[in-house]
Amino acid sequence: MASTQESPNGTVIPLPHVLLLRYPAHFSHINYPLPDHLFHLLKPWESPLPLDQFVLAHARSAQAVVTTGGISFHADLMSMMPDLRLIVTTSAGLDHIDLAECRRRGIAIACAGDVYSEVVADLAVGLLLDLWRKVSAANRYVRAGRWARDGDFPLGSKLGGKRVGIVGLGSIGTEVAKRLEAFGCIISYNSRKEKPSVSFPFYTDVLDLASNSDALVICCGLTPETHHMINREVMTALGKDGVIVNIGRGAIVDEKEMVQLLVSGELGGAGLDVFENEPHFPQDLIGLDNVVLSPHCAAFTPESFFNMCQLVVGNLEAFFSNKPLLSPVALEEV
């Protein structure tokens, strides 16, 4: 691909160098063309060199990086790129980026913004609906021929009137609340800060939230403060009929303790799109009818991928045109 472009007055201008840490799957899934005509894209997967050696050899002058949640962009790698000024991530979370190093060096970050909020909220509500109405369990019951053999299927529960605590009332949590309100659920929340514009009851402590909820929906990001925030005490407070839906990050929940509580019947159920050691997950969950599993795909739809591709290109164009980023991260708040 060309590494230069011609300006309207005929001047040859070098294209900005952008490092893609891995092939952006969002683009390939929907056949969205990579913006090679706008940027000189550095593609380490086309080289036999390990990533760090590729960066040293070919990407030291790159001013921008595009990354995903599946690959860590740490301080050592950043130190090889003295001109780096922007990281664009296709992930809703930021736990794969060394935020402290970005603050220290003044590196801007553009994130997924609200691109995934609606589709992630859709799946969160779908998991909760599945748990309470036993959709997946009932499907297995019918397919196994048990309806004719064993009779009526165990009763599920309605959503209306259930108390749902949302952990992290950001853009995704807000969309979850909007949907669950339509079902007649009673919403309360825990977040870093109380939101004055929100009428839902606010709990400063997630343990208190769990004590006053029938379900917890985990929508927050993974940080050192939220790691294993949903611990045994919180899950016990939720109770033997309580359920957890996690569409945030696996390590927000103490997975080992959760599995023990589910197996022993001390926790009512779990709908999980994320796990601590993906793509691996606790095998003890396979035989549990009160657990619904999903392969970290809440954000993945053709519509969200299309919007994400546009956002990545838009953020890069804005940065190299000295315009405001479309989905900036306020580093002082994370």
# chains A, B, ... in the order shown; residues from 1 in each chain; ligands from 1
$ residues_around --residues "Val18 of chain A" --least-positions-apart "6" --cutoff "8 Å" --atoms "only C-alpha atoms" --output "list in words"
Phe39, His40, Leu41, Leu42, Ala62, Gln63, Ala64, Val65 and Val66 of chain A
$ write_last_selection --atoms "all heavy atoms" --output "JSON list (two decimals), in the first residue's frame"
[["chain", "number", "residue", "atom", "x", "y", "z"],
["A", 39, "PHE", "N", -4.10, 6.06, 5.94],
["A", 39, "PHE", "CA", -3.00, 5.87, 6.89],
["A", 39, "PHE", "C", -2.06, 4.80, 6.37],
["A", 39, "PHE", "O", -2.47, 3.87, 5.66],
["A", 39, "PHE", "CB", -3.55, 5.46, 8.26],
["A", 39, "PHE", "CG", -4.72, 6.26, 8.72],
["A", 39, "PHE", "CD1", -6.00, 5.73, 8.68],
["A", 39, "PHE", "CD2", -4.56, 7.57, 9.17],
["A", 39, "PHE", "CE1", -7.10, 6.47, 9.08],
["A", 39, "PHE", "CE2", -5.65, 8.32, 9.58],
["A", 39, "PHE", "CZ", -6.93, 7.77, 9.53],
["A", 40, "HIS", "N", -0.80, 4.92, 6.75],
["A", 40, "HIS", "CA", 0.17, 3.86, 6.48],
["A", 40, "HIS", "C", 0.06, 2.87, 7.64],
["A", 40, "HIS", "O", 0.56, 3.11, 8.73],
["A", 40, "HIS", "CB", 1.57, 4.43, 6.38],
["A", 40, "HIS", "CG", 2.61, 3.39, 6.10],
["A", 40, "HIS", "ND1", 2.54, 2.52, 5.04],
["A", 40, "HIS", "CD2", 3.75, 3.07, 6.76],
["A", 40, "HIS", "CE1", 3.58, 1.72, 5.04],
["A", 40, "HIS", "NE2", 4.33, 2.02, 6.07],
["A", 41, "LEU", "N", -0.66, 1.77, 7.38],
["A", 41, "LEU", "CA", -0.98, 0.81, 8.43],
["A", 41, "LEU", "C", 0.15, -0.20, 8.59],
["A", 41, "LEU", "O", 0.54, -0.89, 7.63],
["A", 41, "LEU", "CB", -2.29, 0.09, 8.11],
["A", 41, "LEU", "CG", -3.52, 1.00, 7.95],
["A", 41, "LEU", "CD1", -4.75, 0.18, 7.59],
["A", 41, "LEU", "CD2", -3.77, 1.81, 9.22],
["A", 42, "LEU", "N", 0.68, -0.30, 9.79],
["A", 42, "LEU", "CA", 1.75, -1.23, 10.11],
["A", 42, "LEU", "C", 1.13, -2.50, 10.67],
["A", 42, "LEU", "O", 0.42, -2.47, 11.68],
["A", 42, "LEU", "CB", 2.70, -0.58, 11.12],
["A", 42, "LEU", "CG", 3.27, 0.77, 10.66],
["A", 42, "LEU", "CD1", 4.00, 1.46, 11.81],
["A", 42, "LEU", "CD2", 4.18, 0.59, 9.46],
["A", 62, "ALA", "N", 5.46, 5.45, 14.75],
["A", 62, "ALA", "CA", 3.99, 5.49, 14.73],
["A", 62, "ALA", "C", 3.46, 6.41, 15.82],
["A", 62, "ALA", "O", 3.91, 6.36, 16.96],
["A", 62, "ALA", "CB", 3.43, 4.08, 14.91],
["A", 63, "GLN", "N", 2.52, 7.25, 15.47],
["A", 63, "GLN", "CA", 1.91, 8.15, 16.44],
["A", 63, "GLN", "C", 0.62, 7.60, 17.02],
["A", 63, "GLN", "O", 0.13, 8.12, 18.03],
["A", 63, "GLN", "CB", 1.62, 9.50, 15.78],
["A", 63, "GLN", "CG", 2.85, 10.32, 15.45],
["A", 63, "GLN", "CD", 2.47, 11.66, 14.88],
["A", 63, "GLN", "OE1", 2.20, 11.80, 13.69],
["A", 63, "GLN", "NE2", 2.45, 12.66, 15.73],
["A", 64, "ALA", "N", 0.07, 6.58, 16.39],
["A", 64, "ALA", "CA", -1.20, 6.02, 16.86],
["A", 64, "ALA", "C", -1.15, 4.50, 16.79],
["A", 64, "ALA", "O", -0.46, 3.91, 15.96],
["A", 64, "ALA", "CB", -2.36, 6.54, 16.01],
["A", 65, "VAL", "N", -1.91, 3.88, 17.69],
["A", 65, "VAL", "CA", -2.03, 2.43, 17.77],
["A", 65, "VAL", "C", -3.51, 2.08, 17.81],
["A", 65, "VAL", "O", -4.30, 2.76, 18.48],
["A", 65, "VAL", "CB", -1.33, 1.87, 19.03],
["A", 65, "VAL", "CG1", -1.77, 0.44, 19.32],
["A", 65, "VAL", "CG2", 0.17, 1.92, 18.86],
["A", 66, "VAL", "N", -3.88, 1.02, 17.11],
["A", 66, "VAL", "CA", -5.22, 0.46, 17.22],
["A", 66, "VAL", "C", -5.09, -0.90, 17.87],
["A", 66, "VAL", "O", -4.31, -1.75, 17.42],
["A", 66, "VAL", "CB", -5.91, 0.33, 15.84],
["A", 66, "VAL", "CG1", -7.27, -0.34, 15.99],
["A", 66, "VAL", "CG2", -6.05, 1.70, 15.19]]
$ select_by_dssp --residues "segment 144-254 of chain A" --states "strand (DSSP E)" --output "list in words"
Arg163, Val164, Gly165, Ile166, Val167, Ile186, Ile187, Ser188, Tyr189, Asn190, Ala215, Leu216, Val217, Ile218, Val243, Ile244, Val245 and Asn246 of chain A
$ residues_around --residues "segment 85-90 of chain A" --least-positions-apart "6" --cutoff "8 Å" --atoms "only C-alpha atoms" --output "ChimeraX atom specification"
/A:63-69,106-112,308,312,315-316,319
$ select_by_dssp --residues "segment 196-264 of chain A" --states "helix (DSSP H, G or I)" --output "count of residues only"
26
$ closest_residue --among "A:Ile244, A:Val125, A:Leu94, A:Ile186" --to "Ile218 of chain A" --atoms "only C-alpha atoms"
A:Ile244
$ closest_residue --among "A:Cys219, A:Pro201, A:Gly113, A:Met81" --to "Ala57 of chain A" --atoms "only C-alpha atoms"
A:Met81
